[in-house]
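First up is the structure itself, then whatever we jot down about it.
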Amino acid sequence: MTRVLSTLLSHYRRHPSQLIMLLLGLWVASALWSGIQAINATARDSYARADALFDTQLDQLERRDGMPFSRAEYHALHQAGLPVSPMLEGEVVTQDGTRLTLIGIDPLTLSNDNALAQANISASLSDFLTPPWQTRVAPDALEALGITRENASAATPTLADGKTLPPLVLAPALPPDTLIMDIAAAARLLESGDQLTRIVAAPGALTEAPPGLTLTRATTLASPGQLTESFHLNLTALGLLAWVVGLFIVQAALGLALEQRLGMLRTLRVLGVSGRSLVLALSLELLLLGLIGALAGIASGVWLARLLLPDVAATLGSLYGAGIGQELNLPWHYWVGGLAVSLGGLLLAGSGVLWRAARLNMLELGQMQAWRSGYRRQLSLMSIGGAFAMGVALALYVWLRFQPPGDGLVTGFTLVAALLLASALWLPPFLALLLKALTYLARRRPLIHWALADMQLQLPRLSLAMMALLIALATNLGVGSMVGGFRLTFLDWLDQRLVAPLYLNAPAEQYADIDAWLADRPEVFERLLTRRSDATLQAATTPEGSRSIGTPIELYGITPGESLTPHWPLLATQQDRSSAWVAFSDGAIFINEQLATAENLSPGDRLTLNAPGANETLTIAAIYPDYGNPSGQVLMASPQLAARFDAPPSSIGLVLSDDANVDALRTALLERFDLGSDALSDQREIKRIATEIFERTFTITRALNALTLAVAALALLASLLTQARSRRQQLAPLWALGVPRAQLAQLNLAQLSGAALATGLLAIPLGIAITWGLVAIINVAAFGWRLPLYLFPGEMAVTLATAVGVALLAAALPTLRFWRASPRALLAEEANQ
């Protein structure tokens with residue numbers, strides 16, 4: 001067996017380019033897949049730590065006037081025998097600009113089963129409670145603090161404002177970017193005086209709220225892992241796509257290597273090597289090469305993950321508010337899984353080669369056309385397989401139409417995968433039929449007729465590369481159209497929401513005085529007061545009947561003035577748009593698309609809302625889009641929200657007259673009410689920041705799309721390089737007959753660019769179908785809202801240009817070799833025919 005394996009491997013000494021392409025395909029496939037899995041593993045580890053904070057919620061006491069608590073009020077409650085605990089929250093900024101969440105607790109009064117109290121139970125409680133105190137910190141935050149893990153225990157890092165943190169104690173159970181310390185130390189750092197952020201109690205510890213306070217019961221919030229499911233599934237799908245495209249390179253290299261070794265295989269069989277032993281030796285060869293490529297790919301995948309992790313962290317933070325660490329944390333099964341996936345992919349790519357090698361007739365082993373003899377049957381099988389995959393896609397679509405709104409995330413991805421598979425399987429039969437028809441039309445033009453017939457001869461080897469190119473182009477077009485459509489929708493939505501040039505955020509108790517003062521300012525055309533409150537959706541009444549729900553939602557109040565109502569988008573109304581706004585001003589509600597999708601609600605349905613001190617049943621007048629919000633939201637007119645639910649104001653939008661002096665108004669407002677400079681926000685600045693967050697959000701998607709397209713180009717290049725010698729043998733007779741080399745080179749480039757152009761034309765409708773699946777199925781199932789379907793002719797033109805460009809780039813090197821070949825070499829090729 002050792003000698004047989006050594007003989008098989010000797011082929012790569014004579015053809016090193018095939019070995020390079022084989023290892024390259026394994027390397028890129030394994031690297032992209034392993035890198036994405038490393039990112040997902042790190043993110044999910046962060047979610048697991050954050051889930052402890054989500055799962056151990058606390059009952060919360062609030063003042064009815066919305067003012068913060070003082071320490072004296074807390075002590076009065078504690079002395080009255082109530083099992084309450086104070087909590088202080090805020091943000092601190094490190095010297096490199098990173099914002100960390102600081103939570104101050106009192107571990108003596110906080111329930112022992114709470115995650116905050118258990119963040120590091122091995123540490124000394126006395127050291128935590130007494131000066132110089134301790135800072136419990138997750139290892140992920142050490143880099144932001146400029147500290148290494150080795151000297152963390154002795155470090156006292158300095159913040160951007162010059163203040164020093166208490167000595168650090170590592171607490172691996174904490175989520176990233178979170179610091180926990182005694183409430184006294186937190187008050188010193190945050191300069192909060194005697195104010196407390198909130199007073200909490202263990203769930204169920206209080207039967208009712210003390211006089212003058214409201215009690216908000218603990219609710220189980222959606223964890224970051226749930227909110228980001230679609231994002232990680234999308235990453236996994238892109239990684240799997242790159243893995244499949246990389247395997248096309250492997251398949252092409254293996255097919256040609258085995259075809260060129262047919263004579264060697266015949267000799268080994270004649271010398272007594274059994275067919276089973278030969279297949280076993282080929283399998284051992286695959287395993288050996290697979291280990292080399294997989295290990296290199298996993299190492300490169302870790303490097304890629306470290307490179308992309310900051311952008312992924314920014315994406316998850318801006319879209320979902322989910323913090324993940326910047327340090328890779330990979331469990332043991334990641335390494336085993338990466339190796340298994342890589343080797344499994346190699347065996348999958350090589351299984352067809354092994355099967356054909358085992359079934360080939362001994363007398364056919366020496367025929368170089370043995371691989372092509374069954375290609376016509378393969379085209380028939382591809383057509384049948386494509387029809388089956390398309391049937392699966394249609395069946396999944398019909399099934400999804402009968403599912404509850406918001407379900408079917410995995411099914412949606414499966415539908416898109418079935419579309420890709422069907423299109424890829426139909427591509428070679430389509431190209432074969434196209435070439436056959438063109439060959440018939442060009443029968444009176446000998447050179448063109450030969451070129452088309454030659455392409456039919458090349459199609460068995462080029463089909464896999466063209467399939468990879470089709471998938472890569474369609475995916476790039478689909479994802480690019482989705483991202484472009486989301487960008488346009490997002491910016492339009494910002495323009496509709498941010499109709500006022502200035503937005504004021506001030507303490508709740510000052511809004512009444514500020515609003516009265518603004519009413520007398522001539523430069524202020526309209527004041528758009530907003531309010532916020534939390535509530536529970538207790539029940540819904542629809543034409544089908546009433547049902548209990550019990551879902552936490554957000555109440556948001558707006559002022560339906562003449563500046564806002566013309567711009568606010570509505571997806572569905574009970575009657576018409578004007579009637580909806582009239583009903584809204586009279587006390588009806590609007591709900592966002594997320595809530596409507598999740599609970600299957602429509603205009604005209606009635607909702608029962610419960611908030612501290614209020615219980616109301618209100619009619620839905622309209623449904624509005626709320627892009628990017630993962631939660632359900634109920635919209636009310638601000639006066640109605642204040643009257644019914646006693647919701648405090650949260651901001652005021654200032655619509656100014658055309659001749660208003662913005663700087664003078666800003667200065668007068670800030671000085672009159674002693675507000676900070678950050679209390680007044682410019683709409684343009686808000687839009688700029690939001691746009692920057694959006695652009696960072698899709699960096700990872702664009703990077704993976706570019707890498708996938710690069711892998712497809714490599715697959716095409718591998719196919720051309722591996723058959724470069726046989727191509728020269730086919731071109732040499734034409735040169736010997738007097739066809740100029742320049743014309744032959746142009747003909748070769750035209751052949752490949754024409755095939756790539758046909759592939760690109762097929763990629764356009766496939767890309768549109770993928771875009772539809774992403775915005776109409778996957779996005780709705782993941783987030784509860786649907787994006788408009790935008791088509792970009794420019795993107796389609798770029799797709800066609802990319803297809804032709806990739807083909808020309810891949811064909812350039814073999815064509816250059818033919819161009820630079822000496823006449824003696826070409827005559828030698830011709831003599832070998």
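Chain labels A, B, ... are given in the sequence in which chains occur in the structure tokens; within each chain residues are numbered consecutively from 1, and ligands are likewise numbered from 1 in the order shown.
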Residue neighbourhood range 658-668 of chain A, 9 Å, only C-alpha atoms, exclusion window fewer than 2 positions, as an mmCIF file with C-alpha atoms, in the first residue's frame:
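Final file, part26.cif:
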```cif
data_model
loop_
_atom_site.group_PDB
_atom_site.id
_atom_site.type_symbol
_atom_site.label_atom_id
_atom_site.label_comp_id
_atom_site.auth_asym_id
_atom_site.auth_seq_id
_atom_site.Cartn_x
_atom_site.Cartn_y
_atom_site.Cartn_z
ATOM 1 C CA LEU A 502 -33.026 70.342 16.435
ATOM 2 C CA ARG A 521 -40.208 82.223 20.713
ATOM 3 C CA PRO A 522 -41.104 83.571 17.231
ATOM 4 C CA GLU A 523 -38.388 81.537 15.482
ATOM 5 C CA VAL A 524 -39.926 78.237 16.696
ATOM 6 C CA LEU A 656 -37.852 76.422 13.028
ATOM 7 C CA LEU A 670 -28.920 76.327 27.054
ATOM 8 C CA GLU A 671 -28.228 79.387 29.214
ATOM 9 C CA ARG A 672 -31.870 79.909 30.264
ATOM 10 C CA PHE A 673 -32.290 76.382 31.622
ATOM 11 C CA LEU A 680 -29.391 69.892 21.995
#
```
* range 411-658 of chain A: residues DSSP assigns to alpha helix (DSSP H), reported as a ChimeraX atom specification -> /A:411-441,446-497,511-519,577-585,593-599,638-645
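Contact shell of range 420-427 of chain A at 7 Å (only C-alpha atoms; same-chain neighbours under 4 positions omitted): Met382, Ser383, Gly385, Gly386, Ala387, Ala389, Met390, Val416, Leu431, Met467, Leu470 and Ile471 of chain A.
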For the residues selected in the previous step, produce a file with N, CA and C atoms as an mmCIF file, in the first residue's frame.
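Listed below is the output, again.cif:
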```
data_model
loop_
_atom_site.group_PDB
_atom_site.id
_atom_site.type_symbol
_atom_site.label_atom_id
_atom_site.label_comp_id
_atom_site.auth_asym_id
_atom_site.auth_seq_id
_atom_site.Cartn_x
_atom_site.Cartn_y
_atom_site.Cartn_z
ATOM 1 N N MET A 382 -28.082 16.193 -14.247
ATOM 2 C CA MET A 382 -28.091 17.562 -13.720
ATOM 3 C C MET A 382 -29.440 18.228 -13.954
ATOM 4 N N SER A 383 -30.027 18.014 -15.124
ATOM 5 C CA SER A 383 -31.335 18.600 -15.419
ATOM 6 C C SER A 383 -32.396 18.065 -14.464
ATOM 7 N N GLY A 385 -31.826 16.732 -11.469
ATOM 8 C CA GLY A 385 -31.518 17.236 -10.129
ATOM 9 C C GLY A 385 -31.928 18.687 -9.951
ATOM 10 N N GLY A 386 -31.710 19.513 -10.989
ATOM 11 C CA GLY A 386 -32.144 20.903 -10.917
ATOM 12 C C GLY A 386 -33.648 21.034 -10.805
ATOM 13 N N ALA A 387 -34.377 20.202 -11.562
ATOM 14 C CA ALA A 387 -35.840 20.233 -11.478
ATOM 15 C C ALA A 387 -36.312 19.822 -10.086
ATOM 16 N N ALA A 389 -34.578 20.177 -7.227
ATOM 17 C CA ALA A 389 -34.262 21.276 -6.303
ATOM 18 C C ALA A 389 -35.252 22.432 -6.461
ATOM 19 N N MET A 390 -35.629 22.745 -7.701
ATOM 20 C CA MET A 390 -36.610 23.804 -7.910
ATOM 21 C C MET A 390 -37.970 23.407 -7.340
ATOM 22 N N VAL A 416 -33.662 29.591 -0.301
ATOM 23 C CA VAL A 416 -32.655 30.283 -1.105
ATOM 24 C C VAL A 416 -31.571 29.301 -1.555
ATOM 25 N N LEU A 431 -25.808 25.737 -20.951
ATOM 26 C CA LEU A 431 -24.658 26.098 -21.783
ATOM 27 C C LEU A 431 -24.468 25.106 -22.924
ATOM 28 N N MET A 467 -20.275 26.942 -12.566
ATOM 29 C CA MET A 467 -21.272 26.834 -11.502
ATOM 30 C C MET A 467 -20.845 27.658 -10.284
ATOM 31 N N LEU A 470 -21.374 31.288 -11.128
ATOM 32 C CA LEU A 470 -22.796 31.640 -11.077
ATOM 33 C C LEU A 470 -23.258 31.871 -9.641
ATOM 34 N N ILE A 471 -22.904 30.955 -8.740
ATOM 35 C CA ILE A 471 -23.329 31.084 -7.342
ATOM 36 C C ILE A 471 -22.735 32.334 -6.719
#
```
* **Spatial neighbours of range 183-195 of chain A, 10 Å, only C-alpha atoms, chain gap at least 2 places, as a ChimeraX atom specification** => /A:67-74,86-92,102-107,128-135,159,161,163-166,179-181,197-198
* Asked: range 271-287 of chain A: which residues within 8 Å, counting only C-alpha atoms, same-chain residues fewer than 4 positions away excluded, as a list in words?
  ->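 In the requested format, the answer is Met1, Val4, Leu5, Leu8, Leu9, Leu265, Thr267, Leu291, Leu343, Leu346, Leu347, Gly350, Leu354, Ala357 and Ala358 of chain A.
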Could you please take those selected residues and save N, CA and C atoms as a PDB file, in the first residue's frame?
```pdb
ATOM      1  N   MET A   1       0.826  -1.199   0.000  1.00  0.00           N
ATOM      2  CA  MET A   1       0.000   0.000   0.000  1.00  0.00           C
ATOM      3  C   MET A   1       0.869   1.261   0.000  1.00  0.00           C
ATOM      4  N   VAL A   4       2.131   1.880  -3.487  1.00  0.00           N
ATOM      5  CA  VAL A   4       1.052   2.373  -4.355  1.00  0.00           C
ATOM      6  C   VAL A   4       0.789   3.847  -4.071  1.00  0.00           C
ATOM      7  N   LEU A   5       0.734   4.199  -2.771  1.00  0.00           N
ATOM      8  CA  LEU A   5       0.496   5.593  -2.398  1.00  0.00           C
ATOM      9  C   LEU A   5       1.638   6.480  -2.872  1.00  0.00           C
ATOM     10  N   LEU A   8       1.280   7.086  -6.578  1.00  0.00           N
ATOM     11  CA  LEU A   8       0.224   8.047  -6.893  1.00  0.00           C
ATOM     12  C   LEU A   8       0.678   9.476  -6.603  1.00  0.00           C
ATOM     13  N   LEU A   9       1.390   9.653  -5.497  1.00  0.00           N
ATOM     14  CA  LEU A   9       1.836  11.003  -5.133  1.00  0.00           C
ATOM     15  C   LEU A   9       2.929  11.522  -6.052  1.00  0.00           C
ATOM     16  N   LEU A 265      -2.804   4.253 -13.504  1.00  0.00           N
ATOM     17  CA  LEU A 265      -3.762   3.347 -12.863  1.00  0.00           C
ATOM     18  C   LEU A 265      -3.841   2.020 -13.619  1.00  0.00           C
ATOM     19  N   THR A 267      -1.464   0.631 -15.373  1.00  0.00           N
ATOM     20  CA  THR A 267      -0.244  -0.110 -15.096  1.00  0.00           C
ATOM     21  C   THR A 267      -0.307  -0.766 -13.722  1.00  0.00           C
ATOM     22  N   LEU A 291      -5.483  16.877   5.310  1.00  0.00           N
ATOM     23  CA  LEU A 291      -4.942  17.316   6.593  1.00  0.00           C
ATOM     24  C   LEU A 291      -4.065  18.549   6.426  1.00  0.00           C
ATOM     25  N   LEU A 343     -12.222  17.971   6.069  1.00  0.00           N
ATOM     26  CA  LEU A 343     -11.982  16.627   5.529  1.00  0.00           C
ATOM     27  C   LEU A 343     -13.254  16.048   4.920  1.00  0.00           C
ATOM     28  N   LEU A 346     -13.625  17.505   1.516  1.00  0.00           N
ATOM     29  CA  LEU A 346     -12.684  16.913   0.568  1.00  0.00           C
ATOM     30  C   LEU A 346     -13.175  15.541   0.110  1.00  0.00           C
ATOM     31  N   LEU A 347     -13.635  14.731   1.052  1.00  0.00           N
ATOM     32  CA  LEU A 347     -14.148  13.410   0.667  1.00  0.00           C
ATOM     33  C   LEU A 347     -15.389  13.544  -0.211  1.00  0.00           C
ATOM     34  N   GLY A 350     -14.145  14.480  -3.603  1.00  0.00           N
ATOM     35  CA  GLY A 350     -13.425  13.381  -4.246  1.00  0.00           C
ATOM     36  C   GLY A 350     -14.221  12.116  -4.410  1.00  0.00           C
ATOM     37  N   LEU A 354     -13.502   8.984  -6.965  1.00  0.00           N
ATOM     38  CA  LEU A 354     -13.250   7.617  -6.486  1.00  0.00           C
ATOM     39  C   LEU A 354     -14.264   6.643  -7.085  1.00  0.00           C
ATOM     40  N   ALA A 357     -13.374   6.063 -10.703  1.00  0.00           N
ATOM     41  CA  ALA A 357     -12.152   5.253 -10.811  1.00  0.00           C
ATOM     42  C   ALA A 357     -12.437   3.787 -10.517  1.00  0.00           C
ATOM     43  N   ALA A 358     -13.345   3.533  -9.581  1.00  0.00           N
ATOM     44  CA  ALA A 358     -13.653   2.142  -9.233  1.00  0.00           C
ATOM     45  C   ALA A 358     -14.489   1.470 -10.311  1.00  0.00           C
TER      46      ALA A 358
END
```
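Taking CA of Trp335 in chain A and CA of Leu348 in chain A as endpoints, the distance between them is 19.9 Å.
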* Just the residues within 12 Å of range 609-619 of chain A, please, counting only C-alpha atoms, with nothing from its chain fewer than 5 positions along; format it as a ChimeraX atom specification. => /A:60-64,66,208-209,212-217,532-542,548-555,573-574,580,583-584,586-591,601-604,633-636,640-647
* Please, which residues of range 484-724 of chain A, numbered as in this document, come out strand (DSSP E or B) from DSSP, as a PyMOL selection string? -> chain A and resi 502-504+524-542+545-558+572-573+589-592+606-611+614-624+633-637+649-656+680-682
* Extract, using only C-alpha atoms, all DNA, RNA and protein residues at most 10 Å from Ser342 in chain A, discarding same-chain residues fewer than 2 positions from it, and format them as a list in words. => Leu26, Trp27, Ala29, Ser30, Ala31, Trp33, Ser34, Trp243, Leu247, Gly290, Leu291, Gly293, Ala294, Leu295, Gly297, Ile298, Gly337, Gly338, Leu339, Ala340, Gly344, Gly345, Leu346, Leu347 and Leu348 of chain A
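Using only C-alpha atoms, the nearest neighbour of Leu419 in chain A within the list A:Leu464, A:Leu477, A:Leu757, A:Ile768 is A:Ile768.
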